[in-house]
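What follows is protein_37.csv (CSV, C-alpha atoms).
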chain,number,residue,atom,x,y,z
A,1,MET,CA,8.8,24.2,-15.2
A,2,SER,CA,7.4,27.1,-17.2
A,3,THR,CA,4.7,25.3,-19.0
A,4,THR,CA,3.8,22.8,-16.3
A,5,ALA,CA,2.0,23.4,-13.0
A,6,GLY,CA,4.1,23.5,-9.8
A,7,ALA,CA,4.2,21.2,-6.8
A,8,ALA,CA,1.2,23.0,-5.2
A,9,SER,CA,-1.0,22.0,-8.2
A,10,LEU,CA,0.3,18.4,-8.1
A,11,ALA,CA,-0.3,18.2,-4.4
A,12,LYS,CA,-3.9,19.4,-5.0
A,13,LEU,CA,-4.3,16.4,-7.3
A,14,GLY,CA,-3.1,14.1,-4.5
A,15,PHE,CA,0.6,13.5,-5.4
A,16,ALA,CA,2.9,13.2,-2.4
A,17,PRO,CA,6.4,11.9,-1.6
A,18,GLY,CA,6.8,8.1,-1.3
A,19,GLN,CA,3.7,7.2,-3.4
A,20,ILE,CA,3.6,4.5,-6.0
A,21,ILE,CA,1.9,5.9,-9.1
A,22,GLN,CA,0.9,3.8,-12.1
A,23,GLU,CA,0.4,5.3,-15.5
A,24,PHE,CA,-2.2,4.4,-18.2
A,25,GLY,CA,-2.6,5.8,-21.7
A,26,TYR,CA,1.0,6.9,-22.3
A,27,ASP,CA,1.7,8.0,-25.9
A,28,ASP,CA,4.0,10.3,-27.7
A,29,ASP,CA,1.7,13.3,-27.0
A,30,VAL,CA,1.8,13.3,-23.2
A,31,ASP,CA,3.5,16.2,-21.4
A,32,ASP,CA,6.9,14.9,-20.4
A,33,ASP,CA,7.6,17.9,-18.2
A,34,LEU,CA,4.4,17.1,-16.2
A,35,ARG,CA,5.4,13.4,-16.0
A,36,PHE,CA,8.9,14.4,-14.7
A,37,ALA,CA,7.3,16.8,-12.2
A,38,ILE,CA,5.1,14.1,-10.8
A,39,GLU,CA,8.1,11.8,-10.5
A,40,ASP,CA,10.0,14.6,-8.7
A,41,VAL,CA,7.2,14.9,-6.2
A,42,ILE,CA,6.8,11.2,-5.5
A,43,GLY,CA,10.5,10.5,-5.6
A,44,SER,CA,10.4,7.6,-8.1
A,45,ASP,CA,9.5,6.7,-11.6
A,46,LEU,CA,5.9,6.2,-12.7
A,47,GLU,CA,5.0,2.5,-13.1
A,48,ASP,CA,3.6,1.2,-16.4
A,49,GLU,CA,0.3,-0.5,-17.1
A,50,ASP,CA,1.7,-3.9,-16.5
A,51,PHE,CA,2.7,-3.2,-12.8
A,52,ASN,CA,0.7,-5.5,-10.6
A,53,ASP,CA,1.7,-4.7,-7.0
A,54,GLY,CA,-0.9,-2.1,-6.3
A,55,SER,CA,-0.5,1.6,-6.3
A,56,ASP,CA,-1.4,4.8,-4.3
A,57,GLY,CA,-2.6,6.5,-7.4
A,58,VAL,CA,-3.1,6.1,-11.1
A,59,VAL,CA,-2.4,8.7,-13.8
A,60,VAL,CA,-4.6,8.2,-16.9
A,61,TRP,CA,-3.9,10.1,-20.1
A,62,TYR,CA,-7.1,10.1,-22.2
A,63,ARG,CA,-8.0,11.6,-25.5
A,64,ASP,CA,-11.3,11.6,-27.4
A,65,GLY,CA,-11.2,8.5,-29.7
A,66,ASP,CA,-9.1,6.4,-27.3
A,67,ASP,CA,-10.6,3.1,-25.9
A,68,ASP,CA,-13.7,3.3,-23.7
A,69,LEU,CA,-13.0,5.7,-20.8
A,70,VAL,CA,-15.3,3.7,-18.4
A,71,ASP,CA,-13.3,0.5,-19.0
A,72,LEU,CA,-10.0,2.4,-18.5
A,73,LEU,CA,-11.2,3.9,-15.2
A,74,VAL,CA,-12.4,0.5,-14.0
A,75,ASP,CA,-9.0,-1.0,-14.9
A,76,ALA,CA,-7.3,1.8,-13.0
A,77,LEU,CA,-9.4,1.3,-9.9
A,78,ALA,CA,-8.5,-2.4,-9.8
A,79,LYS,CA,-4.8,-1.3,-9.3
A,80,LEU,CA,-5.4,0.9,-6.4
A,81,PHE,CA,-4.8,0.5,-2.7
A,82,ASP,CA,-7.9,1.3,-0.6
A,83,ALA,CA,-7.0,5.0,-0.1
A,84,GLY,CA,-5.9,5.4,-3.7
A,85,PHE,CA,-7.0,8.0,-6.3
A,86,VAL,CA,-7.0,8.4,-10.1
A,87,VAL,CA,-5.9,11.6,-11.9
A,88,LEU,CA,-7.3,11.9,-15.4
A,89,PHE,CA,-5.4,14.1,-17.8
A,90,THR,CA,-7.3,15.2,-20.9
A,91,PRO,CA,-6.4,17.7,-23.6
A,92,LYS,CA,-7.6,21.2,-23.0
A,93,ALA,CA,-10.5,22.7,-25.0
A,94,GLY,CA,-9.6,23.5,-28.5
A,95,ARG,CA,-6.8,20.9,-28.5
A,96,PRO,CA,-6.9,17.7,-30.6
A,97,GLY,CA,-8.5,14.9,-28.6
A,98,HIS,CA,-10.3,17.2,-26.2
A,99,VAL,CA,-12.9,15.4,-24.0
A,100,GLN,CA,-16.1,17.1,-22.9
A,101,ALA,CA,-16.4,17.6,-19.1
A,102,SER,CA,-19.8,15.9,-19.3
A,103,GLU,CA,-18.2,12.8,-20.8
A,104,VAL,CA,-15.6,12.7,-18.0
A,105,GLU,CA,-18.4,13.1,-15.3
A,106,GLU,CA,-20.5,10.4,-16.9
A,107,ALA,CA,-17.6,7.9,-17.2
A,108,ALA,CA,-16.4,8.6,-13.7
A,109,SER,CA,-19.9,8.1,-12.2
A,110,THR,CA,-20.4,4.9,-14.2
A,111,ALA,CA,-17.0,3.6,-12.9
A,112,GLY,CA,-18.0,4.4,-9.4
A,113,LEU,CA,-15.8,7.5,-9.0
A,114,THR,CA,-16.5,11.0,-8.0
A,115,THR,CA,-14.8,14.0,-9.5
A,116,GLY,CA,-12.8,16.4,-7.4
A,117,GLY,CA,-12.7,19.2,-9.9
A,118,GLN,CA,-10.2,20.1,-12.7
A,119,VAL,CA,-6.8,21.6,-12.2
A,120,ASN,CA,-4.8,23.5,-14.9
A,121,VAL,CA,-1.6,21.5,-14.9
A,122,ALA,CA,0.1,22.1,-18.3
A,123,SER,CA,-0.3,24.1,-21.4
A,124,GLU,CA,-2.0,21.3,-23.4
A,125,TRP,CA,-3.5,19.2,-20.6
A,126,THR,CA,-5.9,19.6,-17.7
A,127,GLY,CA,-6.1,17.2,-14.8
A,128,ALA,CA,-9.1,15.9,-12.8
A,129,ARG,CA,-8.8,14.1,-9.5
A,130,LEU,CA,-11.2,11.1,-9.3
A,131,MET,CA,-11.9,9.4,-6.0
A,132,PRO,CA,-13.5,6.0,-5.3
A,133,PRO,CA,-16.2,5.8,-2.6
A,134,LYS,CA,-14.9,5.9,1.0
A,135,GLY,CA,-14.4,2.5,2.6
A,136,PRO,CA,-12.8,-0.7,1.4
A,137,ARG,CA,-13.5,-2.0,-2.1
A,138,ARG,CA,-14.4,-5.5,-2.9

Produce C-alpha cells that represent the structure in this file.
Amino acid sequence: MSTTAGAASLAKLGFAPGQIIQEFGYDDDVDDDLRFAIEDVIGSDLEDEDFNDGSDGVVVWYRDGDDDLVDLLVDALAKLFDAGFVVLFTPKAGRPGHVQASEVEEAASTAGLTTGGQVNVASEWTGARLMPPKGPRR
C-alpha cells in the first residue's frame, strides 16, 4: 500500500473490523487502493448508495463541482446508526476538483456535523472525519 495510508490512519478516521460502511460519490477517479484498504480493515465490501439497512459509517467522495455538499452530507447522515460517522474524501490542494477547507467546514456545520480534522490518506485524496452531535438523532 505504497500510495495509500496504512491501517493506523484508517483507524484514526474511525474504520474498524465488522463495520458496515456505505459509499457515496463513487466515480472512476476514486482511489481504489484506499477503497480496498478500507474493505480490508472492515472485513467486507463497501455498500453502495442504494443500501438501506443502516450503516456504521459513510464514505463520501466529493469534488468541487459535484452536487451540493450539504445535501450529500444530510443524505449520508440519514443512513447512519446512532454512533455512526462520515468520512469525507476530497482531492488534495492543486489536484482537479480540490475543495477548500472552509467549504467543507461550512457544509459540515450546516448539515449538523463537526469536523475531526483531516488525515492524509492517499496521494491524491485527503480524508476528514465528520461526526454528528452526540445523542440519538430524530

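Reported to one decimal place, the separation of CA of Ser123 in chain A from CA of Val58 in chain A is 20.9 Å.
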
Selection near Phe89 in chain A, 6 Å with only C-alpha atoms, sequence-local residues under 6 positions removed, as a PyMOL selection string: chain A and resi 61+126-127

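Between CA of Leu10 in chain A and CA of Gly25 in chain A the separation is 18.8 Å.
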
Between CA of Asp45 in chain A and CA of Ala8 in chain A - distance in Å to one decimal: 19.4 Å

Determine the nearest neighbour of Ala83 in chain A from the options A:Gly57, A:Gly43, A:Gly18, A:Pro96, counting all atoms listed in the file. A:Gly57

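The protein and nucleic acid residues lying at most 6 Å from Met131 in chain A are Phe85, Leu113 and Thr114 of chain A, with all atoms listed in the file considered and sequence neighbours fewer than 6 positions away removed.
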
Closest to Ile20 in chain A among A:Val74, A:Leu80, A:Val60, A:Ala7, using only C-alpha atoms?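 Residue with the minimum atom-to-atom distance to Ile20 in chain A: A:Leu80.
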